[in-house]
Structures are given as C-alpha cells and as structure tokens.
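Undergrad: Can you read through this structure? Questions will come right after.
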Amino acid sequence: MQPTTQCQPLDCTYCYLPFRKLRHLMPQAVADAVAAAVNVWAAADSRFEVVWHGGEPLAVGRDHLAALMAPFQGAKHTVQTNAVLLDDAWCAFLKERDVGVGISIDGPPSMNTHRVTRAGHPAFRLIMRGVERLRRHGIPFSAIAVVSDPDPASAQEFYDFFVELGCRSLGVNIEEHEGVNTTADSPPARATEFWEALTCAWRAHPVLEVREISRVLGFARTVLDGGTAPLSAEQVWDPLPTVAYDGGVVLLSPELAGFHDVRLGDFTTGNVMDTGLAVLLEQAEERTPWLAEFWRGIDACRATCPYIAFCGGAHPANRYFEHDGRMDGTRTRYCTASKIALFEGVTRHADTFAHSH
C-alpha cells in the first residue's frame, strides 16, 4: 500500500516514482476498503502482511499512518523507509504496534551516492542516524540496497557493511531502467562477476541472509526435489496487488503505479473505492487490459530462454519501459543483470567451491 507518493526528504537519483515530490496522501476510505478484504485473508493465514511503501511512509505522520493501519485486523504491518525521519517517537510507534521495518540504504558512503536529499546533499549520515535509533530501541530491521555499479571488487566491502549494520536480511537490486529512471545499464559480465563475488563473501561468513542468493539456492533445492517449471497463464499466479494512494490497484509490478499509456490506460485493474479488492483479484484477467499481452510475453520467454525456470519471465514494468511500451517482449536488461547474471554468478561460485573441496 502506498500511503503517500512523497519521498521526503530524499530525492534519490535512480528513483522510478513519477510523483515523488508531490504530497498525495491516501484517504482513510481507501484503507477501510482494503481492510474489508484483507481482514478475511489475514484470519485464514497468520503470515499475511501489509507493506507500506511506494513513497516514504513516515512522511504521512504518525497520526495518519496509525489511522490507515487501524482498520486492519490480524495482518502484520511493515514499512519500507529511507530511515531519515526516524526519531524516538517513531521508534516507540513502531515498537508498540510491532511494525516490521525495512531500511533502504545502498551500502557504505562510496556506494550510497545516489541517495541524496532534495537539496542534493549526501543522505548517508541522515540514514545512519535513523538506523542508530532503531538499534537503540532494539527494533530489528531488514535492508534493501540498490547497486548502481555492480563492481565485483566492491562486493566484499558491500557485504561486510551490511553485516556490521546489523540487519536481519538483505535484498539487492541492480539499478533498473524503469519509470522516470532511464539511465541504468549494467554490463552482463560485470553483473555476473559481482554476484559471484558477493556469493563468495556470503559463503565465507554466512551470518546474513541475502535474498537473491537464497532464491537461487531455494530454486536449486526445488529442482533437485523434483519441483515444477514456472507459472504459466493457465496456472495459479500471485498477483502481488499494490494499492496506490488513490485506491487504484496495480498487479505484479508496483512500479507501474502512477503511469498512464495511451494504449494500455493507467495499468490499474480497478479501484477499491468502486469495487472490492477481492473482486478485482478474482476478475483480474478480464479487468486488466495489459495482462493478455503480458502472458504472451511469458510464453515467448518460455519458448526462447533457457533461464525461464528460474526467472519466471521478465516483470511487466521492465518489459514496458524497456520495450517501447510493449508487454510481450522477452529479455530485458533487468533479466540479464538481476536474474541471469545472478543465477550464473551463484552457480559459478558453487562450482568453484565444489572443485576446490
């Protein structure tokens, strides 16, 4: 859920959000409408989670965020924050409500240069101030990092930083050509070497879960246990609904929220202010104009790409932004740097390790 579009007080140079400088706030009625469906699902699954992101959730203020969370029953709440606004009062708020915390930070200062304030100043010190407050209050947190330059020589320092940071887990995103960010382009060989070096650093000191490495290892275990191929249009799929501040529901790719295309519309499946979230998901195929084109792209990936079993097919947003507004293209730069290079880097390390032992 997107409580606001505003990313205050940061203005990261690689941000994909089109309205990050505008203060659009989610009305209470949107949260009430979503909770009506979520409370039923949460009652059936104790692991159900509502993630607040897509802007800086703390920018809405404690009172408004508390009001947005209030109608939800039985769901775990998590915020993905740039940490700059974290103070003792926010920490008390998070701890009292047992809210999960994810921090967005890209590594040590030399790797965090794209995360700047709206005035263009480095944000590292401000982010670390918030992290220190979390530590002082004993609040566990995960981290997500964007790697703009996947330099294999930096992988060890990168991993060591997050071990020292004290996060429970780390998600690593190679910078993407997406939304209003059109500059990202990591050479495949360099990305592969980075993932190999990062896996080597993790393997030597595996105290931190690295999300991407875990995905490759989990996939390998599934295959060895006789697991099945990735999802197709005919099989059950996870829609990963994102509810924008205004109630619009975007499936599969949160990065499409806020954009409009003359051919595909605003990418929403509908709005929770008009139709219940459960109905929107049940009727997703007929209500989402771009889904049929996207499934054709998935089928094309399946027919042409040897990595489809791991990747599952390029994400809708990456297809759209990298293929001139089409959803039925195949390989993207995101696929290459964050899926194929990841798979090759982890397995290359595994092969080297096996042969050396």
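Order determines the names: the first chain of the structure tokens is A, the second B, and so forth; residues in each chain are numbered 1 upward, and ligands are numbered 1 upward as they are shown.
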Contacts of A:Ile144 at 6 Å or less, counting only C-alpha atoms, minus same-chain residues fewer than 4 places along, as a list in words?
TA: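 My list of contacting residues is Ser104, Leu170, Gly171 and Val172 of chain A.
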Undergrad: Would you save the residues from that selection as a short mmCIF file (atom, residue, chain, number, x, y, z; two decimals), in the first residue's frame, using N, CA, C and O atoms?
TA:
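selection01.cif, freshly written:
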```cif
data_model
loop_
_atom_site.label_atom_id
_atom_site.label_comp_id
_atom_site.auth_asym_id
_atom_site.auth_seq_id
_atom_site.Cartn_x
_atom_site.Cartn_y
_atom_site.Cartn_z
N SER A 104 16.04 1.33 3.49
CA SER A 104 16.62 1.48 2.15
C SER A 104 17.94 2.22 2.27
O SER A 104 17.98 3.41 2.61
N LEU A 170 19.09 -9.01 3.71
CA LEU A 170 19.46 -8.00 2.72
C LEU A 170 18.89 -8.37 1.36
O LEU A 170 19.07 -9.49 0.88
N GLY A 171 18.19 -7.41 0.75
CA GLY A 171 17.75 -7.54 -0.63
C GLY A 171 18.61 -6.66 -1.51
O GLY A 171 18.89 -5.50 -1.15
N VAL A 172 19.08 -7.20 -2.63
CA VAL A 172 19.99 -6.46 -3.51
C VAL A 172 19.34 -6.26 -4.87
O VAL A 172 19.02 -7.22 -5.57
#
```
Undergrad: If we count only C-alpha atoms and set the cut-off at 7 Å, which residues sit around A:Thr268, ignoring sequence neighbours fewer than 3 positions away in its own chain? Please answer as a list of chain:residue names.
TA: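 Here the answer would be A:Gly248, A:Val249, A:Val250, A:Thr288.
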Undergrad: Kindly indicate which residue among A:Pro140, A:Glu212, A:Phe72, A:Gly61 lies nearest to A:Ala89, using only C-alpha atoms for the distances.
TA: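 Result for the nearest residue to A:Ala89: A:Gly61.
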Undergrad: Give the answer as one residue: which of A:Val30, A:Val79, A:Val51, A:Ala155 has the shortest atom-to-atom distance to A:Ala67, using only C-alpha atoms?
TA: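 Of the candidates, the smallest distance to A:Ala67 is held by A:Val30.
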Undergrad: Have a look at atom CA of A:Thr269 and atom CA of A:Thr304 and let me know their distance in Å, one decimal.
TA: 29.0 Å
Undergrad: Using DSSP on the backbone coordinates, identify the residues of stretch 22-176 of chain A assigned to alpha helix (DSSP H); present them as a PyMOL selection string.
TA: chain A and resi 28-44+62-69+88-96+124-136+155-165
Undergrad: In Å, with one decimal, what is the gap from atom CA of A:Met1 to atom CA of A:Gly312?
TA: 24.3 Å
Undergrad: Using only C-alpha atoms, determine which residues lie at most 9 Å from A:Asp299, disregarding the query and same-chain residues fewer than 3 positions distant; provide the list as a PyMOL selection string.
TA: chain A and resi 232-233+294-296+302-304+313+328
Undergrad: Using only C-alpha atoms, can you tell me which of A:Thr330, A:Thr117, A:Asn271, A:Ser142 comes closest to A:Ala284?
TA: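 The closest residue to A:Ala284 is A:Asn271.
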Undergrad: List the spatial neighbours of A:Gly325 as a list in words - criterion: any atom at most 9 Å away, only C-alpha atoms, same-chain residues fewer than 3 positions off excluded.
TA: Asp261, Arg263, Leu264, Arg319, Tyr320, Phe321 and Glu322 of chain A
Undergrad: Quick one: residues within 10 Å of A:Leu165, only C-alpha atoms, excluding same-chain residues fewer than 2 positions away - as a list in words?
TA: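 Selected residues are Gly107, Pro108, Met128, Val131, Glu132, Arg135, Phe141, Ser142, Ala143, Tyr159, Asp160, Phe161, Phe162, Val163, Cys167 and Arg168 of chain A.
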Undergrad: So which residues of stretch 104-155 of chain A fall under strand (DSSP E or B) by DSSP, listed as a list in words?
TA: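 Put together, the selection reads Ser104, Val116, Thr117, Pro122, Ser142, Ala143, Ile144, Ala145, Val146 and Val147 of chain A.
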Undergrad: Now that the selection is made, can you save its residues with C-alpha atoms as a compact mmCIF listing (two decimals), in the first residue's frame?
TA:
```
# COMPACT_ATOMS: atom_id res chain seq x y z
CA SER A 104 16.62 1.48 2.15
CA VAL A 116 20.61 12.39 -1.74
CA THR A 117 18.35 14.98 -0.15
CA PRO A 122 24.53 13.15 0.59
CA SER A 142 15.91 -5.72 7.12
CA ALA A 143 17.64 -3.76 4.36
CA ILE A 144 17.22 -3.22 0.63
CA ALA A 145 20.12 -1.86 -1.40
CA VAL A 146 20.25 -0.57 -4.96
CA VAL A 147 23.57 -1.29 -6.67
```
Undergrad: What lies within 8 Å of A:Leu277 using only C-alpha atoms, ignoring chain neighbours under 2 positions off, as a compact mmCIF listing (two decimals) with N, CA and C atoms, in the first residue's frame?
TA:
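Here's the written file around.txt:
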```txt
# COMPACT_ATOMS: atom_id res chain seq x y z
N ALA A 33 -11.49 0.35 2.80
CA ALA A 33 -11.95 -0.54 1.73
C ALA A 33 -11.01 -1.74 1.57
N VAL A 34 -9.71 -1.51 1.64
CA VAL A 34 -8.74 -2.60 1.51
C VAL A 34 -8.86 -3.56 2.69
N ALA A 37 -11.31 -6.59 2.71
CA ALA A 37 -10.90 -7.84 2.09
C ALA A 37 -9.74 -8.48 2.84
N ASN A 271 -10.39 0.19 -8.97
CA ASN A 271 -10.17 1.00 -7.79
C ASN A 271 -11.00 0.45 -6.63
N VAL A 272 -10.39 0.32 -5.47
CA VAL A 272 -11.09 -0.25 -4.31
C VAL A 272 -12.24 0.63 -3.84
N THR A 275 -14.87 -0.98 -6.40
CA THR A 275 -15.03 -2.44 -6.42
C THR A 275 -14.14 -3.05 -5.36
N VAL A 279 -12.88 -8.86 -5.37
CA VAL A 279 -13.49 -8.96 -6.71
C VAL A 279 -12.49 -8.58 -7.78
N LEU A 280 -11.71 -7.54 -7.53
CA LEU A 280 -10.71 -7.12 -8.51
C LEU A 280 -9.71 -8.24 -8.78
N LEU A 281 -9.31 -8.96 -7.75
CA LEU A 281 -8.36 -10.05 -7.94
C LEU A 281 -9.02 -11.25 -8.61
```
Undergrad: So which one's closest to A:Tyr245, A:Ala257, A:Ala201, A:Ala341, A:Val210? Using only C-alpha atoms, please.
TA: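 Counting only C-alpha atoms, the residue closest to A:Tyr245 is A:Ala257.
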Undergrad: What's the 8 Å shell around A:Gly329, counting only C-alpha atoms, without same-chain residues fewer than 4 positions away, as a PyMOL selection string?
TA: chain A and resi 297+300+319+323
Undergrad: May I have the selected residues written with C-alpha atoms, as a PDB file, in the first residue's frame?
TA:
```pdb
ATOM      1  CA  GLY A 297       5.425 -12.367 -23.440  1.00  0.00           C
ATOM      2  CA  ALA A 300       7.646 -16.207 -25.644  1.00  0.00           C
ATOM      3  CA  ARG A 319       9.084  -5.114 -20.314  1.00  0.00           C
ATOM      4  CA  HIS A 323      10.416  -2.402 -24.955  1.00  0.00           C
TER       5      HIS A 323
END
```
Undergrad: Between A:Gly345, A:Ala66, A:Leu126, A:Ala83, which one has atoms that come closest to A:Val99, using only C-alpha atoms?
TA: A:Ala66
Undergrad: From the set A:Ile127, A:Ala75, A:Leu198, A:Ala119, which residue has the shortest atom-to-atom contact distance to A:Arg348, counting only C-alpha atoms?
TA: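 Of A:Ile127, A:Ala75, A:Leu198, A:Ala119, the one nearest A:Arg348 is A:Leu198, counting only C-alpha atoms.
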